[in-house]
There are 2 protein chains.
Amino acid sequence: MSQKNLLHVIIDKRERKLMEVLDRKKDKITYESKQLEIADILISNEVAIERKEGFDFIASIKDNRLFEQLLRLKETYITAILIIEGLNDMVFENTGMNINSILGALSFVSYKLGISVIPTRHLEDTAIVIERIAYREQVKDDMPLLYRSAPKKMSLQERRYFMMESLVDIGPKKARLLIDTFKTPYDAISAIKSTKIKYTRNGNPKGISGIIKQKGLKGFSWKFIKNNQELLFGKINNDKQKIINEVIKT
Amino acid sequence: MSQKNLLHVIIDKRERKLMEVLDRKKDKITYESKQLEIADILISNEVAIERKEGFDFIASIKDNRLFEQLLRLKETYITAILIIEGLNDMVFENTGMNINSILGALSFVSYKLGISVIPTRHLEDTAIVIERIAYREQVKDDMPLLYRSAPKKMSLQERRYFMMESLVDIGPKKARLLIDTFKTPYDAISAIKSTKIKYTRNGNPKGISGIIKQKGLKGFSWKFIKNNQELLFGKINNDKQKIINEVIKT
DNA sequence: CTGTAATCTTTATGA
DNA sequence: TCATAAAGATTACAG
């Protein structure tokens, strides 16, 4: 399998060691070093690789770095590949992390995120994999029998959920509920704006009134309204509001 | 996270050992044993898993069994998963096979065939992976999506900046500028709402008019307004708006 | 990612 | 009707 055409890839500046390994394969593959923002290795405009060493893989699960990086990778390139290097027994055991979490993350990335996971033993293996993939993409490109989903940017809808999650006292569930009910962030925020806190005769807050209540949304109570009105609209004169509520109270 | 719903999978008759392991997880997952022609484990009508132990994985590369099986798997099920079990250094070394061939096959299956490869250490890991995937497919179908782990301990002001950053075509600088100018997210969003896009005589968008323009904020173009109005308020009838803008154009 | 702890909502109950 | 307690969800945090 002689390769007349030299393979060529782009490698992130920080991957010094990988370059050293590739230097020993000069006759087969060349590279250029650039400052890459998203991937570690670029095979083509469509194929990008993120490389993670075993320990860093685990660490990146904890701080959510892994999913952020991989989602960006997937958004940007048609084919996103994750090479996990040296994920051996030792790595699994020498982390205070739950095995379920590690395997769960692995499964999620591979089967739910649709990112190609390739395990290797060490950097030398990784270099081989890179060379193989570059060969397929750049030389043996005559095999188009695979269908891969086009890069998927975050949809508007996802971004709307996303936006509501920057409120306080909220998580994915409530964020979704708000957008699903009110359709747009503006309408959701307007709903919060128009919501009033009800008070008991003794002056204790108890429940809310307004469109959110009317729609029967669960999980939104006076504390949520109070905190988020402050966030969204600034300090509110609660005394004044309280009086009003006394009057309009049903 | 109590699982009221019991997970259920179908396992090929020959996978005796796997069943033994799953028997110890009776409270979480049940299975039925059937004669399966194509896959080893069936999670649903759409998701099927092929399980291969390290040595058999290598052996199946040699005799071409691997690609035959996996291609059939991919043809039959929407999501095809390959669990490679115990592919450790020993397996790599104790086979007369070229390392390049093994890694090449691995790469091919994962990135070119588009099959989800999940490496595990042993059968126990495999059982966990099966349970995790079944859980996602059968219970957690209403995906939490990608949600950003919003920094919970943030001052109100920081959170306002943060909220603006979930707009499109914006970064930390513009987000800050918006809040510093309009004080609250609601006022900032209202400013975007009331902003109009100006058009040239030929009907091409050019510049904006409104409070944002008046305040002299830099970096907010008609594209920014258009994209974020869509995000915040939903589709806008641009034709109608265009006409209005023609009239009010300064 | 997962599992568990902390927190908040809602429902139930008694005064 | 209000206040309190228990039950049920959701979110926060650590690993």
# chains A, B, ... in the order shown; residues from 1 in each chain; ligands from 1
>>> closest_atom_pairs(of="chain D", to="chain A", cutoff="10 Å", atoms="only C-alpha atoms (C1' of nucleotides)", output="Markdown table")
| residue | atom | partner | partner_atom | distance |
| --- | --- | --- | --- | --- |
| D:DT1 | C1' | A:Thr200 | CA | 8.8 |
| D:DC2 | C1' | A:Thr200 | CA | 7.7 |
| D:DA9 | C1' | A:Gly219 | CA | 8.2 |
| D:DT10 | C1' | A:Gly171 | CA | 7.5 |
| D:DT11 | C1' | A:Gly171 | CA | 6.2 |
| D:DA12 | C1' | A:Gly171 | CA | 9.8 |
| D:DA14 | C1' | A:Lys62 | CA | 9.3 |
| D:DG15 | C1' | A:Met97 | CA | 4.8 |
>>> interface_residues(of="chain C", to="chain B", cutoff="12 Å", atoms="only C-alpha atoms (C1' of nucleotides)", output="PyMOL selection string")
chain C and resi 1-4
>>> write_last_selection(atoms="N, CA, C and O atoms (P, O5', C5', C4', C3', O3' and C1' of nucleotides)", output="PDB file, in the first residue's frame")
ATOM      1  P    DC C   1     -25.212  13.908  31.020  1.00  0.00           P
ATOM      2  O5'  DC C   1     -23.849  13.195  31.456  1.00  0.00           O
ATOM      3  C5'  DC C   1     -23.482  11.996  30.834  1.00  0.00           C
ATOM      4  C4'  DC C   1     -22.915  11.073  31.884  1.00  0.00           C
ATOM      5  C3'  DC C   1     -23.917  10.737  32.977  1.00  0.00           C
ATOM      6  O3'  DC C   1     -24.260   9.365  32.938  1.00  0.00           O
ATOM      7  C1'  DC C   1     -21.840  11.486  33.910  1.00  0.00           C
ATOM      8  P    DT C   2     -25.558   8.879  33.702  1.00  0.00           P
ATOM      9  O5'  DT C   2     -25.079   8.720  35.212  1.00  0.00           O
ATOM     10  C5'  DT C   2     -24.028   7.813  35.521  1.00  0.00           C
ATOM     11  C4'  DT C   2     -23.776   7.829  37.014  1.00  0.00           C
ATOM     12  C3'  DT C   2     -25.033   7.637  37.868  1.00  0.00           C
ATOM     13  O3'  DT C   2     -24.766   6.629  38.827  1.00  0.00           O
ATOM     14  C1'  DT C   2     -23.883   9.597  38.543  1.00  0.00           C
ATOM     15  P    DG C   3     -25.931   5.977  39.648  1.00  0.00           P
ATOM     16  O5'  DG C   3     -25.708   6.596  41.103  1.00  0.00           O
ATOM     17  C5'  DG C   3     -24.404   6.512  41.697  1.00  0.00           C
ATOM     18  C4'  DG C   3     -24.409   7.315  42.985  1.00  0.00           C
ATOM     19  C3'  DG C   3     -25.658   7.140  43.838  1.00  0.00           C
ATOM     20  O3'  DG C   3     -25.266   6.965  45.190  1.00  0.00           O
ATOM     21  C1'  DG C   3     -25.332   9.444  43.349  1.00  0.00           C
ATOM     22  P    DT C   4     -26.385   6.808  46.322  1.00  0.00           P
ATOM     23  O5'  DT C   4     -26.275   8.179  47.130  1.00  0.00           O
ATOM     24  C5'  DT C   4     -24.980   8.714  47.427  1.00  0.00           C
ATOM     25  C4'  DT C   4     -25.132  10.114  47.987  1.00  0.00           C
ATOM     26  C3'  DT C   4     -26.265  10.257  49.007  1.00  0.00           C
ATOM     27  O3'  DT C   4     -25.797  11.087  50.057  1.00  0.00           O
ATOM     28  C1'  DT C   4     -26.537  11.836  47.312  1.00  0.00           C
TER      29       DT C   4
END
>>> calpha_fit_rmsd(fixed="chain B", moving="chain A")
14.6 Å
>>> residues_around(residues="region 222-234 of chain A", least_positions_apart="6", cutoff="6 Å", atoms="only C-alpha atoms (C1' of nucleotides)", output="PyMOL selection string")
(chain A and resi 197+207-208) or (chain B and resi 184-186)
>>> residues_around(residues="region 41-44 of chain B", least_positions_apart="3", cutoff="9 Å", atoms="only C-alpha atoms (C1' of nucleotides)", output="PyMOL selection string")
chain B and resi 8-12+15+36+47-51+130+133-134+137-138
>>> decode(residues="chain C", atoms="C-alpha atoms (C1' of nucleotides)", output="mmCIF file, in the first residue's frame")
data_model
loop_
_atom_site.group_PDB
_atom_site.id
_atom_site.type_symbol
_atom_site.label_atom_id
_atom_site.label_comp_id
_atom_site.auth_asym_id
_atom_site.auth_seq_id
_atom_site.Cartn_x
_atom_site.Cartn_y
_atom_site.Cartn_z
ATOM 1 C "C1'" DC C 1 -21.840 11.486 33.910
ATOM 2 C "C1'" DT C 2 -23.883 9.597 38.543
ATOM 3 C "C1'" DG C 3 -25.332 9.444 43.349
ATOM 4 C "C1'" DT C 4 -26.537 11.836 47.312
ATOM 5 C "C1'" DA C 5 -27.595 15.866 49.999
ATOM 6 C "C1'" DA C 6 -29.954 20.102 50.359
ATOM 7 C "C1'" DT C 7 -33.704 22.926 49.035
ATOM 8 C "C1'" DC C 8 -38.007 24.159 47.545
ATOM 9 C "C1'" DT C 9 -43.304 23.021 46.403
ATOM 10 C "C1'" DT C 10 -47.214 20.934 47.193
ATOM 11 C "C1'" DT C 11 -50.330 18.362 49.721
ATOM 12 C "C1'" DA C 12 -52.341 16.954 53.965
ATOM 13 C "C1'" DT C 13 -53.801 17.886 58.536
ATOM 14 C "C1'" DG C 14 -55.255 20.118 62.690
ATOM 15 C "C1'" DA C 15 -56.481 24.241 65.099
#
